[in-house]
$ cat entry_26.cif   # mmCIF, C-alpha atoms
data_query
#
loop_
_atom_site.group_PDB
_atom_site.id
_atom_site.type_symbol
_atom_site.label_atom_id
_atom_site.label_comp_id
_atom_site.auth_asym_id
_atom_site.auth_seq_id
_atom_site.Cartn_x
_atom_site.Cartn_y
_atom_site.Cartn_z
ATOM 1 C CA MET A 872 0.000 0.000 0.000
ATOM 2 C CA ARG A 873 2.839 2.420 0.759
ATOM 3 C CA ARG A 874 4.301 1.793 -2.668
ATOM 4 C CA LEU A 875 0.983 2.623 -4.339
ATOM 5 C CA LEU A 876 0.609 5.717 -2.169
ATOM 6 C CA LEU A 877 4.070 7.007 -3.057
ATOM 7 C CA GLU A 878 3.690 6.178 -6.749
ATOM 8 C CA SER A 879 0.351 7.995 -6.831
ATOM 9 C CA GLN A 880 2.263 11.102 -5.751
ATOM 10 C CA GLY A 881 4.779 10.761 -8.578
ATOM 11 C CA TYR A 882 7.599 9.034 -6.705
ATOM 12 C CA ARG A 883 9.588 6.268 -8.385
ATOM 13 C CA VAL A 884 9.680 3.436 -5.863
ATOM 14 C CA LEU A 885 12.313 0.708 -5.807
ATOM 15 C CA THR A 886 11.696 -2.225 -3.485
ATOM 16 C CA SER A 887 13.705 -4.970 -1.850
ATOM 17 C CA GLU A 888 12.845 -7.967 0.317
ATOM 18 C CA SER A 889 15.724 -7.671 2.798
ATOM 19 C CA GLY A 890 18.390 -5.350 4.080
ATOM 20 C CA VAL A 891 21.014 -7.025 1.904
ATOM 21 C CA GLU A 892 18.867 -6.404 -1.195
ATOM 22 C CA GLY A 893 18.186 -2.826 -0.074
ATOM 23 C CA ILE A 894 21.905 -2.127 0.248
ATOM 24 C CA ALA A 895 22.445 -3.551 -3.258
ATOM 25 C CA VAL A 896 19.724 -1.247 -4.608
ATOM 26 C CA LEU A 897 21.312 1.731 -2.838
ATOM 27 C CA ARG A 898 24.674 0.924 -4.431
ATOM 28 C CA ALA A 899 23.214 0.430 -7.925
ATOM 29 C CA GLU A 900 20.563 3.144 -8.215
ATOM 30 C CA ALA A 901 20.250 6.903 -7.841
ATOM 31 C CA VAL A 902 18.267 6.984 -4.608
ATOM 32 C CA ASP A 903 17.025 10.215 -3.022
ATOM 33 C CA LEU A 904 15.448 8.672 0.077
ATOM 34 C CA VAL A 905 15.333 5.303 1.834
ATOM 35 C CA LEU A 906 12.118 4.125 3.439
ATOM 36 C CA LEU A 907 13.286 1.353 5.737
ATOM 37 C CA ASP A 908 11.293 -1.056 7.880
ATOM 38 C CA TYR A 909 12.720 -1.830 11.315
ATOM 39 C CA MET A 910 11.734 -5.519 11.282
ATOM 40 C CA MET A 911 12.886 -7.446 8.222
ATOM 41 C CA PRO A 912 14.555 -10.741 7.338
ATOM 42 C CA GLY A 913 18.168 -10.938 8.446
ATOM 43 C CA GLU A 914 19.389 -7.740 10.071
ATOM 44 C CA ASP A 915 17.091 -5.221 11.712
ATOM 45 C CA GLY A 916 16.607 -1.759 10.271
ATOM 46 C CA SER A 917 19.062 -0.052 12.626
ATOM 47 C CA VAL A 918 21.929 -2.236 11.370
ATOM 48 C CA VAL A 919 20.903 -1.747 7.746
ATOM 49 C CA ALA A 920 20.588 2.030 8.273
ATOM 50 C CA GLU A 921 24.129 2.171 9.645
ATOM 51 C CA LYS A 922 25.471 0.308 6.618
ATOM 52 C CA MET A 923 23.496 2.504 4.218
ATOM 53 C CA LYS A 924 24.777 5.711 5.857
ATOM 54 C CA SER A 925 28.348 4.455 5.479
ATOM 55 C CA ILE A 926 27.715 4.003 1.736
ATOM 56 C CA ARG A 927 25.733 7.221 1.079
ATOM 57 C CA PRO A 928 25.699 9.496 4.134
ATOM 58 C CA SER A 929 23.686 12.232 2.406
ATOM 59 C CA VAL A 930 20.697 10.009 1.561
ATOM 60 C CA PRO A 931 17.998 10.503 4.204
ATOM 61 C CA ILE A 932 16.559 7.406 5.857
ATOM 62 C CA LEU A 933 12.962 7.243 7.032
ATOM 63 C CA MET A 934 12.416 4.328 9.418
ATOM 64 C CA LEU A 935 9.012 2.666 9.659
ATOM 65 C CA SER A 936 8.091 0.491 12.590
ATOM 66 C CA ALA A 937 5.086 -0.967 14.339
ATOM 67 C CA TYR A 938 6.962 -0.379 17.601
ATOM 68 C CA VAL A 939 5.824 2.840 19.229
ATOM 69 C CA ASP A 940 8.943 3.406 21.317
ATOM 70 C CA LEU A 941 12.107 2.176 19.662
ATOM 71 C CA PRO A 942 15.149 2.893 21.841
ATOM 72 C CA SER A 943 17.103 5.965 20.687
ATOM 73 C CA GLU A 944 20.213 3.854 20.050
ATOM 74 C CA MET A 945 18.230 2.056 17.324
ATOM 75 C CA LEU A 946 17.622 5.356 15.549
ATOM 76 C CA ILE A 947 21.138 6.831 15.517
ATOM 77 C CA HIS A 948 21.536 6.485 11.730
ATOM 78 C CA VAL A 949 17.943 7.369 10.890
ATOM 79 C CA ASP A 950 16.792 10.852 9.853
ATOM 80 C CA ARG A 951 13.129 10.363 10.734
ATOM 81 C CA TYR A 952 10.997 7.717 12.426
ATOM 82 C CA VAL A 953 7.348 7.038 11.557
ATOM 83 C CA ILE A 954 5.018 4.553 13.223
ATOM 84 C CA LYS A 955 3.318 2.248 10.719
ATOM 85 C CA GLY A 956 -0.178 3.105 11.925
ATOM 86 C CA GLN A 957 0.256 6.770 11.062
ATOM 87 C CA SER A 958 -2.008 8.235 8.390
ATOM 88 C CA PRO A 959 -0.963 8.207 4.715
ATOM 89 C CA GLU A 960 -0.726 12.006 4.921
ATOM 90 C CA GLY A 961 1.757 11.660 7.782
ATOM 91 C CA LEU A 962 3.989 9.388 5.723
ATOM 92 C CA LEU A 963 3.782 11.664 2.671
ATOM 93 C CA SER A 964 4.576 14.677 4.832
ATOM 94 C CA ALA A 965 7.626 12.980 6.347
ATOM 95 C CA VAL A 966 8.893 11.963 2.901
ATOM 96 C CA ALA A 967 8.396 15.473 1.513
ATOM 97 C CA GLU A 968 10.126 17.097 4.491
ATOM 98 C CA LEU A 969 13.159 14.820 4.225
ATOM 99 C CA LEU A 970 13.456 15.343 0.488
ATOM 100 C CA LYS A 971 13.107 19.087 0.899
ATOM 101 C CA SER A 972 15.782 19.215 3.581
ATOM 102 C CA SER A 973 18.213 17.125 1.539
ATOM 103 C CA SER A 974 20.240 18.638 -1.254
ATOM 104 C CA THR A 975 18.836 16.283 -3.902
ATOM 105 C CA ASP A 976 16.590 17.206 -6.814
ATOM 106 C CA SER A 977 13.087 16.340 -5.638
ATOM 107 C CA SER A 978 11.426 16.700 -9.029
ATOM 108 C CA HIS A 979 11.773 12.947 -9.645
ATOM 109 C CA PRO A 980 12.560 11.439 -6.248
ATOM 110 C CA ALA A 981 13.095 7.762 -5.740
ATOM 111 C CA ALA A 982 12.509 5.790 -2.594
ATOM 112 C CA THR A 983 13.690 2.293 -1.836
#
$ encode --input "entry_26.cif" --output "structure tokens"
Amino acid sequence: MRRLLLESQGYRVLTSESGVEGIAVLRAEAVDLVLLDYMMPGEDGSVVAEKMKSIRPSVPILMLSAYVDLPSEMLIHVDRYVIKGQSPEGLLSAVAELLKSSSTDSSHPAAT
């Protein structure tokens, strides 16, 4: 549903099934923003975020989680944290704010 929501707003969305795949996408594609789930196969989102920031420190990372209170040490490498139950408008607002604050061209943003 998030993919459809973002695509309906004109974003090009790249997806992956795991953190390892997400890192491969980040290395191979021009990515303006990462939308990262905390719970995924293999490593959790905090570990994947750290690896992604070491590859492309300027790419903002938006963490999604069903957990209401993730410990702050899990969010060190994350630019913004959104709870999965938040409204679609809340997610779109967070994405727009991160893209606006980054130095990338937001006319054709991509999220992974």
$ atom_distance --input "entry_26.cif" --atom1 "atom CA of A:Ser936" --atom2 "atom CA of A:Val896"
20.8 Å
$ closest_residue --input "entry_26.cif" --among "A:Asp903, A:Glu878, A:Glu921, A:Asp940" --to "A:Gly890" --atoms "all atoms listed in the file"
A:Glu921
$ atom_distance --input "entry_26.cif" --atom1 "atom CA of A:Val919" --atom2 "atom CA of A:Arg883"
21.3 Å
$ residues_near_point --input "entry_26.cif" --point "(13.8, 14.5, 5.2)" --cutoff "8 Å" --atoms "only C-alpha atoms" --output "list in words"
Leu904, Pro931, Ile932, Leu933, Asp950, Arg951, Ala965, Val966, Ala967, Glu968, Leu969, Leu970, Lys971, Ser972 and Ser973 of chain A
$ resolve_selection --input "entry_26.cif" --expression "the PyMOL selection byres ((chain A and resi 913) around 8)" --output "list in words"
Ser889, Gly890, Met911, Pro912, Glu914 and Asp915 of chain A
$ write_last_selection --input "entry_26.cif" --atoms "C-alpha atoms" --output "short mmCIF file (atom, residue, chain, number, x, y, z; two decimals), in the frame of the given file"
data_model
loop_
_atom_site.label_atom_id
_atom_site.label_comp_id
_atom_site.auth_asym_id
_atom_site.auth_seq_id
_atom_site.Cartn_x
_atom_site.Cartn_y
_atom_site.Cartn_z
CA SER A 889 15.72 -7.67 2.80
CA GLY A 890 18.39 -5.35 4.08
CA MET A 911 12.89 -7.45 8.22
CA PRO A 912 14.56 -10.74 7.34
CA GLU A 914 19.39 -7.74 10.07
CA ASP A 915 17.09 -5.22 11.71
#
$ atom_distance --input "entry_26.cif" --atom1 "atom CA of A:Arg873" --atom2 "atom CA of A:Ala937"
14.2 Å
$ closest_residue --input "entry_26.cif" --among "A:Val949, A:Leu897, A:Leu885, A:Leu962" --to "A:Ala920" --atoms "only C-alpha atoms"
A:Val949
$ closest_residue --input "entry_26.cif" --among "A:Val930, A:Met945, A:Leu935, A:Leu875" --to "A:Glu900" --atoms "all atoms listed in the file"
A:Val930
$ residues_around --input "entry_26.cif" --residues "A:Met872" --least-positions-apart "2" --cutoff "12 Å" --atoms "only C-alpha atoms" --output "list in words"
Arg874, Leu875, Leu876, Leu877, Glu878, Ser879, Val884, Lys955, Ser958, Pro959 and Leu962 of chain A
$ closest_residue --input "entry_26.cif" --among "A:Ser925, A:Gly961, A:Ser887, A:Tyr882" --to "A:His948" --atoms "only C-alpha atoms"
A:Ser925
$ axis_aligned_box --input "entry_26.cif" --around "stretch 954-973 of chain A" --padding-each-side "5 Å" --output "lines of an AutoDock Vina configuration file"
center_x = 8.1
center_y = 10.7
center_z = 6.9
size_x = 30.2
size_y = 27.0
size_z = 22.7
$ closest_residue --input "entry_26.cif" --among "A:Val939, A:Met934, A:Ile947, A:Leu963" --to "A:Tyr909" --atoms "all atoms listed in the file"
A:Met934
$ build_atoms --input "entry_26.cif" --residues "stretch 941-965 of chain A" --atoms "N, CA and C atoms" --output "mmCIF file, in the coordinates of the input"
data_model
loop_
_atom_site.group_PDB
_atom_site.id
_atom_site.type_symbol
_atom_site.label_atom_id
_atom_site.label_comp_id
_atom_site.auth_asym_id
_atom_site.auth_seq_id
_atom_site.Cartn_x
_atom_site.Cartn_y
_atom_site.Cartn_z
ATOM 1 N N LEU A 941 10.806 2.790 19.903
ATOM 2 C CA LEU A 941 12.107 2.176 19.662
ATOM 3 C C LEU A 941 13.149 2.929 20.497
ATOM 4 N N PRO A 942 14.094 2.214 21.082
ATOM 5 C CA PRO A 942 15.149 2.893 21.841
ATOM 6 C C PRO A 942 15.954 3.837 20.935
ATOM 7 N N SER A 943 16.388 4.956 21.486
ATOM 8 C CA SER A 943 17.103 5.965 20.687
ATOM 9 C C SER A 943 18.356 5.406 20.026
ATOM 10 N N GLU A 944 19.007 4.419 20.665
ATOM 11 C CA GLU A 944 20.213 3.854 20.050
ATOM 12 C C GLU A 944 19.893 3.086 18.771
ATOM 13 N N MET A 945 18.633 2.722 18.557
ATOM 14 C CA MET A 945 18.230 2.056 17.324
ATOM 15 C C MET A 945 17.981 3.053 16.195
ATOM 16 N N LEU A 946 17.960 4.324 16.536
ATOM 17 C CA LEU A 946 17.622 5.356 15.549
ATOM 18 C C LEU A 946 18.783 6.307 15.251
ATOM 19 N N ILE A 947 19.971 5.956 15.672
ATOM 20 C CA ILE A 947 21.138 6.831 15.517
ATOM 21 C C ILE A 947 21.389 7.200 14.057
ATOM 22 N N HIS A 948 21.221 6.265 13.148
ATOM 23 C CA HIS A 948 21.536 6.485 11.730
ATOM 24 C C HIS A 948 20.299 6.782 10.889
ATOM 25 N N VAL A 949 19.216 7.109 11.555
ATOM 26 C CA VAL A 949 17.943 7.369 10.890
ATOM 27 C C VAL A 949 17.628 8.860 10.976
ATOM 28 N N ASP A 950 17.122 9.425 9.874
ATOM 29 C CA ASP A 950 16.792 10.852 9.853
ATOM 30 C C ASP A 950 15.398 11.142 10.369
ATOM 31 N N ARG A 951 14.509 10.170 10.263
ATOM 32 C CA ARG A 951 13.129 10.363 10.734
ATOM 33 C C ARG A 951 12.542 9.001 11.029
ATOM 34 N N TYR A 952 11.626 8.953 11.989
ATOM 35 C CA TYR A 952 10.997 7.717 12.426
ATOM 36 C C TYR A 952 9.491 7.903 12.362
ATOM 37 N N VAL A 953 8.797 6.971 11.700
ATOM 38 C CA VAL A 953 7.348 7.038 11.557
ATOM 39 C C VAL A 953 6.758 5.699 11.992
ATOM 40 N N ILE A 954 5.714 5.758 12.784
ATOM 41 C CA ILE A 954 5.018 4.553 13.223
ATOM 42 C C ILE A 954 4.104 4.090 12.089
ATOM 43 N N LYS A 955 4.072 2.805 11.839
ATOM 44 C CA LYS A 955 3.318 2.248 10.719
ATOM 45 C C LYS A 955 1.840 2.613 10.723
ATOM 46 N N GLY A 956 1.238 2.789 11.863
ATOM 47 C CA GLY A 956 -0.178 3.105 11.925
ATOM 48 C C GLY A 956 -0.517 4.549 11.614
ATOM 49 N N GLN A 957 0.499 5.361 11.367
ATOM 50 C CA GLN A 957 0.256 6.770 11.062
ATOM 51 C C GLN A 957 -0.509 6.906 9.744
ATOM 52 N N SER A 958 -1.201 8.010 9.585
ATOM 53 C CA SER A 958 -2.008 8.235 8.390
ATOM 54 C C SER A 958 -1.132 8.328 7.134
ATOM 55 N N PRO A 959 -1.707 8.041 5.971
ATOM 56 C CA PRO A 959 -0.963 8.207 4.715
ATOM 57 C C PRO A 959 -0.414 9.632 4.568
ATOM 58 N N GLU A 960 -1.181 10.610 5.006
ATOM 59 C CA GLU A 960 -0.726 12.006 4.921
ATOM 60 C C GLU A 960 0.517 12.228 5.773
ATOM 61 N N GLY A 961 0.583 11.546 6.920
ATOM 62 C CA GLY A 961 1.757 11.660 7.782
ATOM 63 C C GLY A 961 3.003 11.109 7.118
ATOM 64 N N LEU A 962 2.858 9.972 6.444
ATOM 65 C CA LEU A 962 3.989 9.388 5.723
ATOM 66 C C LEU A 962 4.416 10.298 4.583
ATOM 67 N N LEU A 963 3.455 10.779 3.793
ATOM 68 C CA LEU A 963 3.782 11.664 2.671
ATOM 69 C C LEU A 963 4.449 12.947 3.159
ATOM 70 N N SER A 964 3.989 13.465 4.267
ATOM 71 C CA SER A 964 4.576 14.677 4.832
ATOM 72 C C SER A 964 6.020 14.433 5.261
ATOM 73 N N ALA A 965 6.270 13.311 5.915
ATOM 74 C CA ALA A 965 7.626 12.980 6.347
ATOM 75 C C ALA A 965 8.558 12.820 5.152
#
